[in-house]
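Below is query.cif, which holds mmCIF, C-alpha atoms.
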```
data_protein
#
loop_
_atom_site.label_atom_id
_atom_site.label_comp_id
_atom_site.auth_asym_id
_atom_site.auth_seq_id
_atom_site.Cartn_x
_atom_site.Cartn_y
_atom_site.Cartn_z
CA MET A 28 -22.56 -31.86 12.02
CA PHE A 29 -21.21 -32.53 8.55
CA SER A 30 -21.57 -36.28 8.98
CA ALA A 31 -25.01 -36.04 10.55
CA GLU A 32 -26.48 -33.94 7.77
CA GLY A 33 -24.99 -35.89 4.90
CA LEU A 34 -24.66 -32.67 2.94
CA PRO A 35 -21.42 -31.23 1.56
CA SER A 36 -19.53 -29.28 4.20
CA GLY A 37 -19.47 -26.26 1.91
CA THR A 38 -23.26 -26.20 2.07
CA VAL A 39 -23.80 -26.96 5.74
CA TYR A 40 -21.55 -24.40 7.38
CA PRO A 41 -22.59 -21.29 5.44
CA ALA A 42 -26.22 -22.30 6.12
CA VAL A 43 -25.50 -22.59 9.82
CA ARG A 44 -23.80 -19.21 9.79
CA ARG A 45 -26.82 -17.64 8.11
CA LEU A 46 -29.10 -19.11 10.77
CA GLU A 47 -26.86 -17.78 13.49
CA ARG A 48 -26.58 -14.38 11.84
CA ASP A 49 -30.38 -14.19 11.64
CA GLY A 50 -30.69 -15.05 15.32
CA LEU A 51 -32.43 -18.36 14.76
CA ILE A 52 -29.73 -20.42 16.44
CA GLN A 53 -26.96 -19.63 18.87
CA SER A 54 -23.68 -21.44 19.34
CA GLN A 55 -21.59 -22.21 22.35
CA TRP A 56 -18.28 -23.98 22.75
CA GLU A 57 -18.31 -26.79 25.26
CA ARG A 58 -16.12 -26.49 28.32
CA GLY A 59 -12.65 -27.90 28.00
CA VAL A 60 -12.70 -30.44 30.79
CA ALA A 61 -14.63 -33.16 29.01
CA ALA A 62 -12.75 -32.66 25.76
CA GLU A 63 -9.40 -32.83 27.51
CA ALA A 64 -10.39 -35.94 29.38
CA GLU A 65 -11.45 -37.63 26.15
CA LYS A 66 -8.45 -36.22 24.27
CA ARG A 67 -10.50 -34.68 21.51
CA PRO A 68 -11.05 -31.14 20.21
CA LEU A 69 -13.80 -29.01 21.66
CA ARG A 70 -17.28 -29.29 20.24
CA LYS A 71 -19.42 -26.36 19.36
CA TYR A 72 -23.06 -26.79 20.21
CA TYR A 73 -25.90 -25.03 18.45
CA ASN A 74 -29.26 -24.35 20.11
CA LEU A 75 -32.47 -22.95 18.71
CA THR A 76 -33.35 -19.51 19.97
CA PRO A 77 -36.98 -18.60 20.71
CA ALA A 78 -37.11 -16.87 17.32
CA GLY A 79 -35.66 -20.01 15.78
CA ARG A 80 -38.34 -22.18 17.36
CA THR A 81 -41.04 -19.92 16.02
CA THR A 82 -39.53 -19.96 12.55
CA LEU A 83 -39.08 -23.72 12.68
CA ALA A 84 -42.71 -24.23 13.67
CA ALA A 85 -43.86 -21.96 10.87
CA SER A 86 -41.64 -23.77 8.37
CA GLN A 87 -42.87 -27.18 9.47
CA LYS A 88 -46.43 -26.00 9.07
CA ARG A 89 -45.74 -24.60 5.64
CA TYR A 90 -43.60 -27.50 4.40
CA PRO A 91 -45.09 -30.69 5.88
CA LEU A 92 -43.00 -32.91 3.61
CA LEU A 93 -39.86 -31.36 5.06
CA THR A 94 -41.11 -32.20 8.53
CA LYS A 95 -41.62 -35.80 7.47
CA LEU A 96 -38.13 -36.03 5.97
CA THR A 97 -36.59 -34.47 9.05
CA ALA A 98 -38.37 -37.00 11.23
CA GLU A 99 -37.01 -39.85 9.08
CA VAL A 100 -33.49 -38.53 9.36
CA ASP A 101 -33.84 -38.17 13.13
CA ALA A 102 -35.13 -41.73 13.38
CA MET B 26 -8.60 -26.74 24.35
CA SER B 27 -5.47 -24.71 24.06
CA ASP B 28 -4.06 -23.49 20.78
CA ARG B 29 -1.05 -25.67 21.22
CA GLN B 30 -3.00 -28.83 21.80
CA THR B 31 -2.68 -30.86 18.64
CA PHE B 32 -4.62 -33.80 17.32
CA GLU B 33 -3.93 -36.25 14.59
CA ARG B 34 -5.24 -34.84 11.31
CA PRO B 35 -4.73 -35.59 7.62
CA LEU B 36 -2.10 -33.32 6.13
CA THR B 37 -3.78 -32.37 2.86
CA ALA B 38 -7.03 -31.36 4.52
CA THR B 39 -5.18 -29.49 7.26
CA PHE B 40 -3.17 -27.61 4.66
CA LEU B 41 -6.36 -26.71 2.79
CA LEU B 42 -7.89 -25.35 5.98
CA HIS B 43 -4.82 -23.23 6.63
CA CYS B 44 -5.07 -21.80 3.13
CA CYS B 45 -8.79 -21.10 3.44
CA ALA B 46 -8.23 -19.38 6.78
CA CYS B 47 -6.45 -16.61 4.88
CA ILE B 48 -9.75 -15.75 3.18
CA VAL B 49 -11.64 -15.45 6.46
CA PRO B 50 -11.75 -11.93 7.96
CA ALA B 51 -9.05 -11.60 10.61
CA ARG B 52 -11.43 -11.08 13.51
CA ASP B 53 -13.23 -14.38 12.77
CA ARG B 54 -10.19 -16.36 11.81
CA TRP B 55 -9.23 -17.88 15.14
CA GLU B 56 -12.70 -19.24 15.86
CA TRP B 57 -13.11 -20.36 12.26
CA ARG B 58 -9.93 -22.40 12.52
CA GLN B 59 -11.08 -23.95 15.78
CA GLU B 60 -14.41 -24.96 14.26
CA TRP B 61 -13.02 -26.49 11.11
CA HIS B 62 -10.08 -28.26 12.72
CA SER B 63 -12.41 -29.67 15.35
CA GLU B 64 -14.84 -30.90 12.70
CA LEU B 65 -11.99 -32.32 10.64
CA TRP B 66 -10.84 -34.34 13.60
CA TYR B 67 -14.29 -35.93 13.92
CA VAL B 68 -14.52 -36.54 10.18
CA TYR B 69 -11.11 -38.17 10.26
CA ARG B 70 -12.05 -40.39 13.17
CA GLU B 71 -15.25 -41.51 11.50
CA SER B 72 -13.46 -42.39 8.28
CA GLU B 73 -10.75 -44.45 9.95
CA ALA B 74 -12.44 -47.68 8.88
CA LEU B 75 -11.91 -46.74 5.24
CA SER B 76 -8.83 -47.38 3.14
CA ALA B 77 -6.02 -44.85 3.17
CA PHE B 78 -7.35 -43.35 -0.03
CA GLY B 79 -10.86 -43.31 1.42
CA ILE B 80 -9.67 -41.40 4.46
CA TRP B 81 -7.75 -38.95 2.31
CA SER B 82 -10.68 -38.50 -0.07
CA THR B 83 -13.27 -37.98 2.67
CA CYS B 84 -11.16 -35.51 4.60
CA THR B 85 -10.10 -33.58 1.52
CA ARG B 86 -13.69 -33.34 0.29
CA PHE B 87 -14.69 -32.09 3.69
CA ALA B 88 -11.90 -29.50 3.77
CA LEU B 89 -12.77 -28.24 0.30
CA GLY B 90 -16.11 -27.17 1.74
CA ALA B 91 -14.18 -24.69 3.85
CA VAL B 92 -13.63 -22.59 0.74
CA ASN B 93 -17.37 -21.85 0.49
CA ASP B 94 -17.59 -21.14 4.17
CA ALA B 95 -14.59 -18.84 4.17
CA LEU B 96 -15.88 -16.98 1.13
CA TRP B 97 -19.28 -16.61 2.75
CA LEU B 98 -17.68 -15.08 5.83
CA ARG B 99 -15.58 -12.79 3.68
CA CYS B 100 -18.61 -11.56 1.72
CA ASN B 101 -21.05 -11.34 4.64
CA ALA B 102 -19.16 -9.59 7.37
CA GLU B 103 -21.71 -8.66 10.00
CA THR B 104 -20.27 -5.62 11.65
CA PRO B 105 -20.09 -2.41 9.66
CA ARG B 106 -16.56 -1.68 8.61
CA GLY B 107 -14.78 1.46 9.63
CA PHE B 108 -13.01 3.87 7.35
CA LEU B 109 -10.36 2.19 5.18
CA GLN B 110 -10.99 -1.25 6.64
CA SER B 111 -11.71 -2.97 3.37
CA ALA B 112 -9.59 -3.50 0.28
CA ARG B 113 -12.16 -1.67 -1.84
CA ASP B 114 -12.08 1.39 0.46
CA CYS B 115 -8.29 1.48 0.36
CA ALA B 116 -8.20 1.17 -3.43
CA THR B 117 -10.81 3.92 -3.85
CA TRP B 118 -8.96 6.17 -1.46
CA LEU B 119 -5.67 5.59 -3.25
CA VAL B 120 -7.23 6.39 -6.62
CA LEU B 121 -8.76 9.61 -5.25
CA LEU B 122 -5.50 10.57 -3.58
CA SER B 123 -3.58 9.93 -6.80
CA ALA B 124 -6.05 12.03 -8.78
CA CYS B 125 -5.79 14.92 -6.30
CA THR B 126 -1.99 14.71 -6.27
CA PHE B 127 -1.92 14.72 -10.05
CA VAL B 128 -4.15 17.80 -10.19
CA VAL B 129 -1.97 19.60 -7.64
CA ALA B 130 1.15 18.62 -9.55
CA VAL B 131 -0.27 20.03 -12.78
CA VAL B 132 -1.62 23.23 -11.20
CA LEU B 133 1.48 24.21 -9.22
CA PRO B 134 3.62 26.74 -11.07
CA GLY B 135 6.68 25.20 -12.67
CA SER B 136 5.82 21.70 -11.56
CA ARG B 137 5.06 20.49 -15.05
CA GLU B 138 8.46 21.61 -16.29
CA ALA B 139 10.12 19.97 -13.30
CA LEU B 140 8.27 16.72 -13.92
CA THR B 141 9.10 16.83 -17.59
CA SER B 142 12.77 17.44 -16.93
CA MET B 143 12.78 14.56 -14.44
CA ASN B 144 11.61 12.30 -17.21
CA ARG B 145 14.60 13.14 -19.36
CA PRO B 146 16.60 9.91 -19.60
CA ALA B 147 19.85 11.83 -19.21
CA THR B 148 18.94 13.29 -15.80
CA ARG B 149 18.35 9.93 -14.16
CA ASN B 150 22.06 9.37 -13.59
CA VAL B 151 22.97 12.96 -12.79
CA VAL B 152 23.88 14.10 -9.31
CA SER B 153 24.35 17.64 -8.15
CA ILE B 154 27.39 18.42 -6.00
CA THR B 155 26.95 21.20 -3.46
CA ARG B 156 28.71 22.22 -0.33
CA ALA B 157 27.04 20.79 2.78
CA GLY B 158 24.06 22.89 3.85
CA LEU B 159 24.26 25.24 0.87
CA ILE B 160 21.54 25.15 -1.73
CA SER B 161 21.25 28.07 -4.08
CA HIS B 162 19.96 28.61 -7.58
CA THR B 163 21.59 32.01 -7.97
CA ALA B 164 25.12 31.47 -6.71
CA PRO B 165 27.64 28.70 -7.27
CA THR B 166 27.54 26.20 -4.45
CA ILE B 167 31.14 25.12 -4.97
CA ASP B 168 33.95 27.31 -6.16
CA LEU B 169 35.99 26.81 -9.28
CA ASP B 170 38.89 25.19 -7.43
CA GLU B 171 36.60 22.54 -6.04
CA TYR B 172 35.20 21.98 -9.50
CA GLU B 173 38.70 21.49 -10.82
CA HIS B 174 39.32 19.02 -8.03
CA TRP B 175 36.21 17.02 -8.95
CA ASN B 176 37.05 17.28 -12.61
CA ALA B 177 40.51 15.91 -12.03
CA ARG B 178 39.75 13.22 -9.47
CA GLY B 179 36.07 12.46 -9.93
CA GLY B 180 36.75 10.31 -12.93
CA LYS B 181 36.74 7.16 -10.91
CA TRP B 182 33.25 7.91 -9.56
CA PHE B 183 31.64 9.86 -12.39
CA SER B 184 31.66 9.45 -16.14
CA ASP B 185 31.72 13.23 -16.61
CA VAL B 186 31.74 16.42 -14.52
CA ALA B 187 30.21 19.75 -15.44
CA PHE B 188 30.07 23.18 -13.85
CA TYR B 189 27.40 25.83 -14.22
CA ARG B 190 26.84 29.27 -12.74
CA VAL B 191 23.62 31.25 -12.90
CA THR B 192 24.09 34.86 -13.91
CA LYS B 193 22.45 37.76 -15.74
CA ALA B 194 23.34 38.37 -19.36
CA ASP B 195 22.29 40.76 -22.09
CA ILE B 196 20.55 38.80 -24.81
CA THR B 197 20.10 40.24 -28.24
CA ALA B 198 18.04 38.60 -30.93
CA PRO B 199 17.08 39.72 -34.43
CA PHE B 200 13.37 39.96 -33.71
CA ALA B 201 13.37 40.93 -30.08
CA ASN B 202 14.52 43.90 -28.08
CA PRO B 203 17.80 43.47 -26.19
CA ALA B 204 17.07 42.37 -22.67
CA GLN B 205 18.85 41.13 -19.64
CA LYS B 206 18.00 37.51 -18.94
CA THR B 207 18.98 34.95 -16.38
CA VAL B 208 21.21 32.34 -17.95
CA ALA B 209 23.39 29.49 -16.75
CA VAL B 210 26.97 29.76 -17.86
CA ALA B 211 28.23 26.22 -18.11
CA THR B 212 31.15 24.15 -19.25
CA GLN B 213 30.87 22.25 -22.52
CA SER B 214 30.43 19.00 -20.64
CA PHE B 215 27.13 20.33 -19.25
CA ALA B 216 25.32 19.83 -22.56
CA ARG B 217 26.95 16.43 -22.96
CA ILE B 218 25.82 15.25 -19.52
CA LEU B 219 22.25 16.38 -20.05
CA ASP B 220 22.23 14.97 -23.54
CA LEU B 221 21.39 18.38 -25.04
CA GLU B 222 21.86 18.53 -28.76
CA VAL B 223 24.42 21.08 -29.99
CA SER B 224 24.75 21.34 -33.73
CA PRO B 225 28.29 20.68 -35.04
CA ASP B 226 28.20 23.98 -36.94
CA ALA B 227 27.45 25.94 -33.79
CA ALA B 228 30.18 24.10 -31.93
CA ALA B 229 32.67 24.82 -34.74
CA THR B 230 31.71 28.49 -34.87
CA ALA B 231 32.04 28.83 -31.11
CA ALA B 232 35.45 27.18 -31.21
CA THR B 233 36.62 29.43 -34.00
CA HIS B 234 35.49 32.66 -32.38
CA HIS B 235 36.26 31.58 -28.84
CA CYS B 236 32.74 32.35 -27.72
CA GLY B 237 29.94 30.44 -26.05
CA ILE B 238 26.82 28.79 -27.38
CA LEU B 239 23.40 29.87 -26.19
CA LEU B 240 21.08 26.95 -25.61
CA LEU B 241 17.42 27.77 -25.23
CA ALA B 242 14.52 25.68 -24.10
CA PRO B 243 11.77 25.58 -26.76
CA ALA B 244 9.42 27.49 -24.47
CA ALA B 245 11.98 30.25 -23.84
CA HIS B 246 12.72 30.49 -27.53
CA ARG B 247 9.04 30.74 -28.36
CA THR B 248 8.10 33.33 -25.74
CA GLN B 249 11.15 35.56 -25.56
CA LEU B 250 13.13 35.52 -28.76
CA GLN B 251 10.61 35.08 -31.51
CA PRO B 252 8.70 38.01 -33.02
CA GLU B 253 5.16 38.45 -31.78
CA HIS B 254 2.53 37.31 -34.27
#
```
So that I can check it, write out the structure of this file as structure tokens.
Amino acid sequence: MFSAEGLPSGTVYPAVRRLERDGLIQSQWERGVAAEAEKRPLRKYYNLTPAGRTTLAASQKRYPLLTKLTAEVDA
Amino acid sequence: MSDRQTFERPLTATFLLHCCACIVPARDRWEWRQEWHSELWYVYRESEALSAFGIWSTCTRFALGAVNDALWLRCNAETPRGFLQSARDCATWLVLLSACTFVVAVVLPGSREALTSMNRPATRNVVSITRAGLISHTAPTIDLDEYEHWNARGGKWFSDVAFYRVTKADITAPFANPAQKTVAVATQSFARILDLEVSPDAAATAATHHCGILLLAPAAHRTQLQPEH
């Protein structure tokens, strides 16, 4: 997550925690089988909640430039 | 992933994470550690192409971000805390408790005198010898023979030994009516042990006339032996 965002880790994780606290995303640890097979630590996956999708859509509508930047990063 | 399963991680960053974990509230700490150590492993793997310093720098920079995260968790605990579950609550409670205790200590009869006498430097090294199970303020708790025994053989344990006995005595003073008062009849060493000042003149007079010296606390002198204004 830290590498993907390109932001300092001290910025990314508190932001993620705020989103989770506000019910916009929810997290889930992956099951151990795959991680053990690949000899790596478990990953924690974050998903948008319905409230998060609504908020995201509203934010994209309000901040179109942000939507464009996000699309560039995804690409 | 079990707790014991370990992965290769840079030492400095791992140490930083361990330190930061102390800031995280206890109930979130385990998961917080899992998250950050997991992320560190991926950061470390992705930086493997860099030089040794590059790896160290990237991982350390990443781990320093944990300070912000840990502080955020510390300051934004979600669940309401119960009674005395935060440092601020405990400190407030201790201050209130201390204030109440102080008030009680001041209000209780005789407590102020007791506290004041405890603060006398001389009493810090004084011990009271009594017979087992016998505590009395009106009768001697050891007899004179035992005192003599302590006086003769206690020298190797104590710097000085004194004896006192509480009794009633008729006190006569120039400006007050004769009255019977409770006094402690004590050996000369008593004043020495408690560091009570006895004027040389009084000591000389007492020695000459083979009589005792009456020592009064300032409060007793003021209330009982001085003329009323």
Between A:Val39, A:Thr81, A:Gly59, A:Leu51, which one has atoms that come closest to chain B, using only C-alpha atoms?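 Once distances to chain B are computed over only C-alpha atoms, the minimum belongs to A:Gly59.
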Each residue of chain A lying at most 9 Å from chain B should get a row with its shortest atom-to-atom pair and the distance in Å to one decimal, counting only C-alpha atoms; could you produce that, ordered by chain and increasing number, as a Markdown table?
```
| residue | atom | partner | partner_atom | distance |
| --- | --- | --- | --- | --- |
| A:Met28 | CA | B:Glu64 | CA | 7.8 |
| A:Phe29 | CA | B:Glu64 | CA | 7.8 |
| A:Ser30 | CA | B:Val68 | CA | 7.2 |
| A:Pro35 | CA | B:Gly90 | CA | 6.7 |
| A:Ser36 | CA | B:Gly90 | CA | 4.7 |
| A:Gly37 | CA | B:Gly90 | CA | 3.5 |
| A:Thr38 | CA | B:Gly90 | CA | 7.2 |
| A:Val39 | CA | B:Asp94 | CA | 8.7 |
| A:Tyr40 | CA | B:Asp94 | CA | 6.1 |
| A:Pro41 | CA | B:Asp94 | CA | 5.2 |
| A:Ala42 | CA | B:Asp94 | CA | 8.9 |
| A:Arg44 | CA | B:Leu98 | CA | 8.4 |
| A:Arg48 | CA | B:Glu103 | CA | 7.7 |
| A:Arg58 | CA | B:Met26 | CA | 8.5 |
| A:Gly59 | CA | B:Met26 | CA | 5.6 |
| A:Val60 | CA | B:Met26 | CA | 8.5 |
| A:Ala62 | CA | B:Met26 | CA | 7.4 |
| A:Glu63 | CA | B:Met26 | CA | 6.9 |
| A:Lys66 | CA | B:Phe32 | CA | 8.3 |
| A:Arg67 | CA | B:Phe32 | CA | 7.3 |
| A:Pro68 | CA | B:Ser63 | CA | 5.3 |
| A:Leu69 | CA | B:Met26 | CA | 6.3 |
| A:Arg70 | CA | B:Ser63 | CA | 6.9 |
| A:Lys71 | CA | B:Glu60 | CA | 7.3 |
```
Record the distance separating atom CA of B:Ala157 and atom CA of B:Asp185, expressed in Å with one decimal.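 Here the two named atoms are 21.3 Å from each other.
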Could you work out how far atom CA of B:Ala201 lies from atom CA of B:Ala216, giving the answer in Å with one decimal?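 Spanning atom CA of B:Ala216 to atom CA of B:Ala201 is a straight-line distance of 25.4 Å.
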Give the answer as one residue: which of B:Leu239, B:Gly158, B:Lys181, B:Thr117 has the shortest atom-to-atom distance to B:Ala198, using all atoms listed in the file? B:Leu239
Using only C-alpha atoms for the distances, tell me which of B:Phe78, B:Trp57, B:Tyr189, B:Phe127 is nearest to B:Arg99. B:Trp57
Which value, in Å to one decimal, gives the distance between atom CA of B:Ala242 and atom CA of B:Leu221?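 Going from atom CA of B:Ala242 over to atom CA of B:Leu221, I get 10.1 Å.
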Using all atoms listed in the file, which residues sit within 12 Å of B:Ser184 once same-chain residues fewer than 2 positions away are excluded, as a PyMOL selection string? chain B and resi 150-152+175-182+186-187+214+217-218
Taking the file as shown, what set of residues would the PyMOL selection byres ((chain B and resi 167) around 8) give back, as a PyMOL selection string? chain B and resi 154-156+165-166+168-169+171-172
With a distance cut-off of 10 Å and only C-alpha atoms, select the neighbouring residues of A:Leu75, excluding the residue or stretch itself and same-chain residues fewer than 2 positions from it, and output the selection as a PyMOL selection string. chain A and resi 46-47+50-54+73+77-83
For a cut-off of 10 Å around (19.5, 31.1, -26.7), file coordinates, pick out all residues using all atoms listed in the file and list them as a count of residues only. 14
From B:Ala227, B:Cys236, B:Ala112, B:Leu133, residue lying nearest B:Thr212 [only C-alpha atoms]: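 Using only C-alpha atoms, B:Thr212 sits closest to B:Cys236.
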Residues near B:Ala194, anyone? I mean within 8 Å using all atoms listed in the file, not counting same-chain ones fewer than 6 positions away, as a PyMOL selection string. chain B and resi 205-208
